[in-house]
Amino acid sequence: MIRTTYSLLLLSFVIAIVYSTDYFVEKFEDESYTKRWVQSAAKSDLGEFKLSHGKFYGDAKKDLGLQTSQDARFYAMSAKFDSFSNEGKTLVVQFTVKHEQKIDCGGGYVKVYPADTNQKDITGDSPYHIMFGPDICGYDKKKVHVIFTYKGKNLLIKKDIKCKDDEFTHLYTLILNSDNTYEVRIDNEKVESGKLEEDWDFTVPKRIPDPNAKKPSDWVDEEKIDDSADKKPEDWDKPEHIPDPDAKKPEDWDDEIDGTWEPPMIDNSAYKGVWKARQIDNPAYKDISVIGFDLWQVKSGTIFDNIIITDSVKRAEEFGNETWGKTKDAEKKMKDSQDEVERKKEEEERKKREAEDKSKTPGDDDDTDTEHGKSTHVHDDEL
């Protein structure tokens, strides 16, 4: 009985892995990321990202990430992936962020944009679908943003979710389920959950659709359109039913009484159904296919890494464990070691200063005064 249960669990695990879909994955393992990510050119003074594992890390290669490098700058960079629809599926957005600079004011979130977003023109005003991640400014603002764009309006979550404000790498996960529930995790631990309609104002009371609003002339509702190059085969048109070739007129059939005899109809094996043109992607359909950073930082140094967009919570958990999970302890160990070295250095400098202060005796100042006195004193024999 135990063996059977184990087999079923193993089968379930395998199925979960086989049928999960990763829409986007980025680990910033080398400089090749520059071929996938596009720097916005909307402003000339946007900050530059660089590849770095930071001052302390768990693994020099695995902990490489995209780091902000200039103080008091806006940053805007994005990557494109194949568009998809999460209708009827779970959507998971997950990434790691590390504020090793002891951030005082700045964003650490990501944004998911529409498919028609011009990556070269991304600014803080660019429309987006989802904004998720930590935002810190001063002592009182340390929160996790979960913002959805709905009918042209950015809807903020009604709940206050506290973010991490230390110098270590943390894993942020947003789970959107097909039943309109959600969950937010930090370091694989649930910190908030609930129903979308309860925690965001998707339905606003006492408001009606604008009667003057009109659908844009170039708006297209169809995700798929007929392929104009697809033609119906010449031998396509076959009747759905044909006379049964094996049927014979009954011997007692009287045409004058029973009418003209016709053989019964049977299914035609050559019938292919009603012909329809092959469907292709509609280039005018609006969908999700861009993820990026659009944020402001007073003090730079934040590192983003280990991004995944998938339809499986299990897959996101495994990805987080394979990346952040394998380096977080070593990262803390290196940081603790550096802090200890710095502590000892400061202690030695303090002792050195104290020793120098003690070496100075009060008589040193008196001798100086006496010397000054001799230079002005008039002896009796000089009178």
# chains A, B, ... in the order shown; residues from 1 in each chain; ligands from 1
>>> residues_around(residues="Lys238 of chain A", least_positions_apart="2", cutoff="10 Å", atoms="only C-alpha atoms", output="ChimeraX atom specification")
/A:235-236,240-242,268-274
>>> atom_distance(atom1="atom CA of Phe49 of chain A", atom2="atom CA of Thr68 of chain A")
4.8 Å
>>> closest_atom_pairs(of="segment 251-341 of chain A", to="segment 115-118 of chain A", cutoff="7 Å", atoms="only C-alpha atoms", output="Markdown table")
| residue | atom | partner | partner_atom | distance |
| --- | --- | --- | --- | --- |
| A:Lys286 | CA | A:Ala115 | CA | 6.1 |
| A:Asp287 | CA | A:Ala115 | CA | 5.0 |
| A:Ile288 | CA | A:Ala115 | CA | 4.8 |
| A:Ser289 | CA | A:Ala115 | CA | 4.6 |
| A:Val290 | CA | A:Ala115 | CA | 6.1 |
>>> write_last_selection(atoms="all heavy atoms", output="PDB file, in the first residue's frame")
ATOM      1  N   LYS A 286      -3.655  42.631 -28.503  1.00  0.00           N
ATOM      2  CA  LYS A 286      -2.849  43.159 -27.406  1.00  0.00           C
ATOM      3  C   LYS A 286      -2.690  42.096 -26.320  1.00  0.00           C
ATOM      4  O   LYS A 286      -3.660  41.546 -25.830  1.00  0.00           O
ATOM      5  CB  LYS A 286      -3.502  44.420 -26.839  1.00  0.00           C
ATOM      6  CG  LYS A 286      -3.693  45.509 -27.893  1.00  0.00           C
ATOM      7  CD  LYS A 286      -4.274  46.759 -27.290  1.00  0.00           C
ATOM      8  CE  LYS A 286      -4.632  47.775 -28.354  1.00  0.00           C
ATOM      9  NZ  LYS A 286      -3.504  48.128 -29.221  1.00  0.00           N
ATOM     10  N   ASP A 287      -1.433  41.817 -25.936  1.00  0.00           N
ATOM     11  CA  ASP A 287      -1.171  40.752 -24.989  1.00  0.00           C
ATOM     12  C   ASP A 287       0.067  41.084 -24.154  1.00  0.00           C
ATOM     13  O   ASP A 287       0.718  42.098 -24.365  1.00  0.00           O
ATOM     14  CB  ASP A 287      -0.976  39.435 -25.739  1.00  0.00           C
ATOM     15  CG  ASP A 287      -1.343  38.248 -24.897  1.00  0.00           C
ATOM     16  OD1 ASP A 287      -1.489  38.399 -23.680  1.00  0.00           O
ATOM     17  OD2 ASP A 287      -1.457  37.145 -25.464  1.00  0.00           O
ATOM     18  N   ILE A 288       0.398  40.192 -23.216  1.00  0.00           N
ATOM     19  CA  ILE A 288       1.554  40.376 -22.344  1.00  0.00           C
ATOM     20  C   ILE A 288       2.785  39.714 -22.953  1.00  0.00           C
ATOM     21  O   ILE A 288       2.737  38.550 -23.318  1.00  0.00           O
ATOM     22  CB  ILE A 288       1.296  39.748 -20.958  1.00  0.00           C
ATOM     23  CG1 ILE A 288       0.112  40.433 -20.277  1.00  0.00           C
ATOM     24  CG2 ILE A 288       2.539  39.815 -20.087  1.00  0.00           C
ATOM     25  CD1 ILE A 288      -0.292  39.772 -18.988  1.00  0.00           C
ATOM     26  N   SER A 289       3.910  40.455 -23.035  1.00  0.00           N
ATOM     27  CA  SER A 289       5.138  39.813 -23.513  1.00  0.00           C
ATOM     28  C   SER A 289       6.394  40.632 -23.240  1.00  0.00           C
ATOM     29  O   SER A 289       7.410  40.447 -23.899  1.00  0.00           O
ATOM     30  CB  SER A 289       5.054  39.528 -25.019  1.00  0.00           C
ATOM     31  OG  SER A 289       5.068  40.722 -25.761  1.00  0.00           O
ATOM     32  N   VAL A 290       6.359  41.525 -22.250  1.00  0.00           N
ATOM     33  CA  VAL A 290       7.537  42.320 -21.903  1.00  0.00           C
ATOM     34  C   VAL A 290       7.635  42.425 -20.381  1.00  0.00           C
ATOM     35  O   VAL A 290       6.642  42.665 -19.706  1.00  0.00           O
ATOM     36  CB  VAL A 290       7.473  43.741 -22.511  1.00  0.00           C
ATOM     37  CG1 VAL A 290       8.679  44.564 -22.047  1.00  0.00           C
ATOM     38  CG2 VAL A 290       7.429  43.680 -24.030  1.00  0.00           C
TER      39      VAL A 290
END
>>> select_by_dssp(residues="segment 207-330 of chain A", states="alpha helix (DSSP H)", output="compact mmCIF listing (two decimals) with C-alpha atoms, in the first residue's frame")
# COMPACT_ATOMS: atom_id res chain seq x y z
CA ASP A 255 -43.05 2.55 -56.95
CA GLU A 256 -46.63 3.53 -57.74
CA ILE A 257 -47.69 2.91 -54.15
CA ASP A 258 -44.49 3.47 -52.13
CA VAL A 313 3.87 27.31 -8.41
CA LYS A 314 5.84 24.09 -8.05
CA ARG A 315 8.18 25.08 -10.85
CA ALA A 316 8.73 28.54 -9.31
CA GLU A 317 9.53 26.96 -5.94
CA GLU A 318 12.08 24.63 -7.52
CA PHE A 319 13.66 27.45 -9.52
CA GLY A 320 13.96 29.56 -6.37
CA ASN A 321 15.55 26.67 -4.48
CA GLU A 322 18.00 25.99 -7.33
CA TRP A 324 18.58 31.76 -4.34
CA GLY A 325 18.19 28.72 -2.10
CA LYS A 326 21.66 27.39 -2.89
CA THR A 327 23.59 30.63 -2.34
CA LYS A 328 21.79 32.56 0.41
CA ASP A 329 23.58 30.89 3.33
CA ALA A 330 27.02 31.30 1.76
>>> select_by_dssp(residues="segment 219-312 of chain A", states="strand (DSSP E or B)", output="PyMOL selection string")
chain A and resi 224-226+241-243+265-267+279-281+288-297+302-310
>>> closest_atom_pairs(of="segment 182-243 of chain A", to="segment 158-163 of chain A", cutoff="12 Å", atoms="only C-alpha atoms", output="CSV")
residue,atom,partner,partner_atom,distance
A:Glu183,CA,A:Ile161,CA,11.4
A:Val184,CA,A:Ile161,CA,8.8
A:Arg185,CA,A:Ile161,CA,10.1
A:Ile186,CA,A:Cys163,CA,8.0
A:Asp187,CA,A:Cys163,CA,10.8
A:Lys190,CA,A:Ile161,CA,10.8
A:Val191,CA,A:Ile161,CA,7.3
A:Glu192,CA,A:Ile161,CA,7.1
A:Ser193,CA,A:Lys159,CA,9.8
A:Gly194,CA,A:Lys159,CA,10.1
A:Lys195,CA,A:Lys158,CA,11.4
A:Leu196,CA,A:Lys158,CA,10.3
A:Glu197,CA,A:Lys158,CA,10.7
A:Glu198,CA,A:Lys158,CA,8.6
A:Asp199,CA,A:Lys158,CA,5.3
A:Trp200,CA,A:Lys158,CA,6.1
A:Asp201,CA,A:Lys158,CA,8.4
A:Phe202,CA,A:Lys158,CA,11.5
>>> atom_distance(atom1="atom CA of Arg36 of chain A", atom2="atom CA of Lys55 of chain A")
25.6 Å
>>> residues_around(residues="segment 82-96 of chain A", least_positions_apart="3", cutoff="7 Å", atoms="only C-alpha atoms", output="PyMOL selection string")
chain A and resi 115+169-178+287-289+304-313
>>> closest_atom_pairs(of="segment 130-240 of chain A", to="segment 100-104 of chain A", cutoff="7 Å", atoms="only C-alpha atoms", output="CSV")
residue,atom,partner,partner_atom,distance
A:Ile136,CA,A:Asp104,CA,6.8
A:Cys137,CA,A:Asp104,CA,5.7
A:Gly138,CA,A:Asp104,CA,5.7
A:Asp166,CA,A:Lys102,CA,6.8
A:Glu167,CA,A:Glu100,CA,4.2
A:Phe168,CA,A:Glu100,CA,6.3
>>> write_last_selection(atoms="C-alpha atoms", output="PDB file, in the first residue's frame")
ATOM      1  CA  ILE A 136      11.688  51.669   0.207  1.00  0.00           C
ATOM      2  CA  CYS A 137      11.907  55.357   1.055  1.00  0.00           C
ATOM      3  CA  GLY A 138      12.875  56.497   4.534  1.00  0.00           C
ATOM      4  CA  ASP A 166      18.395  44.466   5.021  1.00  0.00           C
ATOM      5  CA  GLU A 167      21.409  44.022   2.718  1.00  0.00           C
ATOM      6  CA  PHE A 168      20.829  40.396   1.713  1.00  0.00           C
TER       7      PHE A 168
END
>>> residues_around(residues="Ser126 of chain A", least_positions_apart="4", cutoff="9 Å", atoms="only C-alpha atoms", output="list in words")
Tyr113, Thr117, Asp121 and Ile122 of chain A
>>> write_last_selection(atoms="N, CA, C and O atoms", output="compact mmCIF listing (two decimals), in the first residue's frame")
# COMPACT_ATOMS: atom_id res chain seq x y z
N TYR A 113 4.68 44.34 -19.00
CA TYR A 113 4.09 45.28 -19.95
C TYR A 113 3.29 44.58 -21.05
O TYR A 113 3.47 43.38 -21.30
N THR A 117 4.41 47.21 -26.32
CA THR A 117 5.26 48.22 -25.69
C THR A 117 6.52 48.47 -26.52
O THR A 117 7.20 47.53 -26.93
N ASP A 121 11.26 53.26 -25.69
CA ASP A 121 10.58 54.46 -25.20
C ASP A 121 10.02 54.31 -23.79
O ASP A 121 9.22 55.13 -23.34
N ILE A 122 10.40 53.27 -23.07
CA ILE A 122 9.84 53.04 -21.74
C ILE A 122 10.25 54.15 -20.76
O ILE A 122 11.42 54.51 -20.65
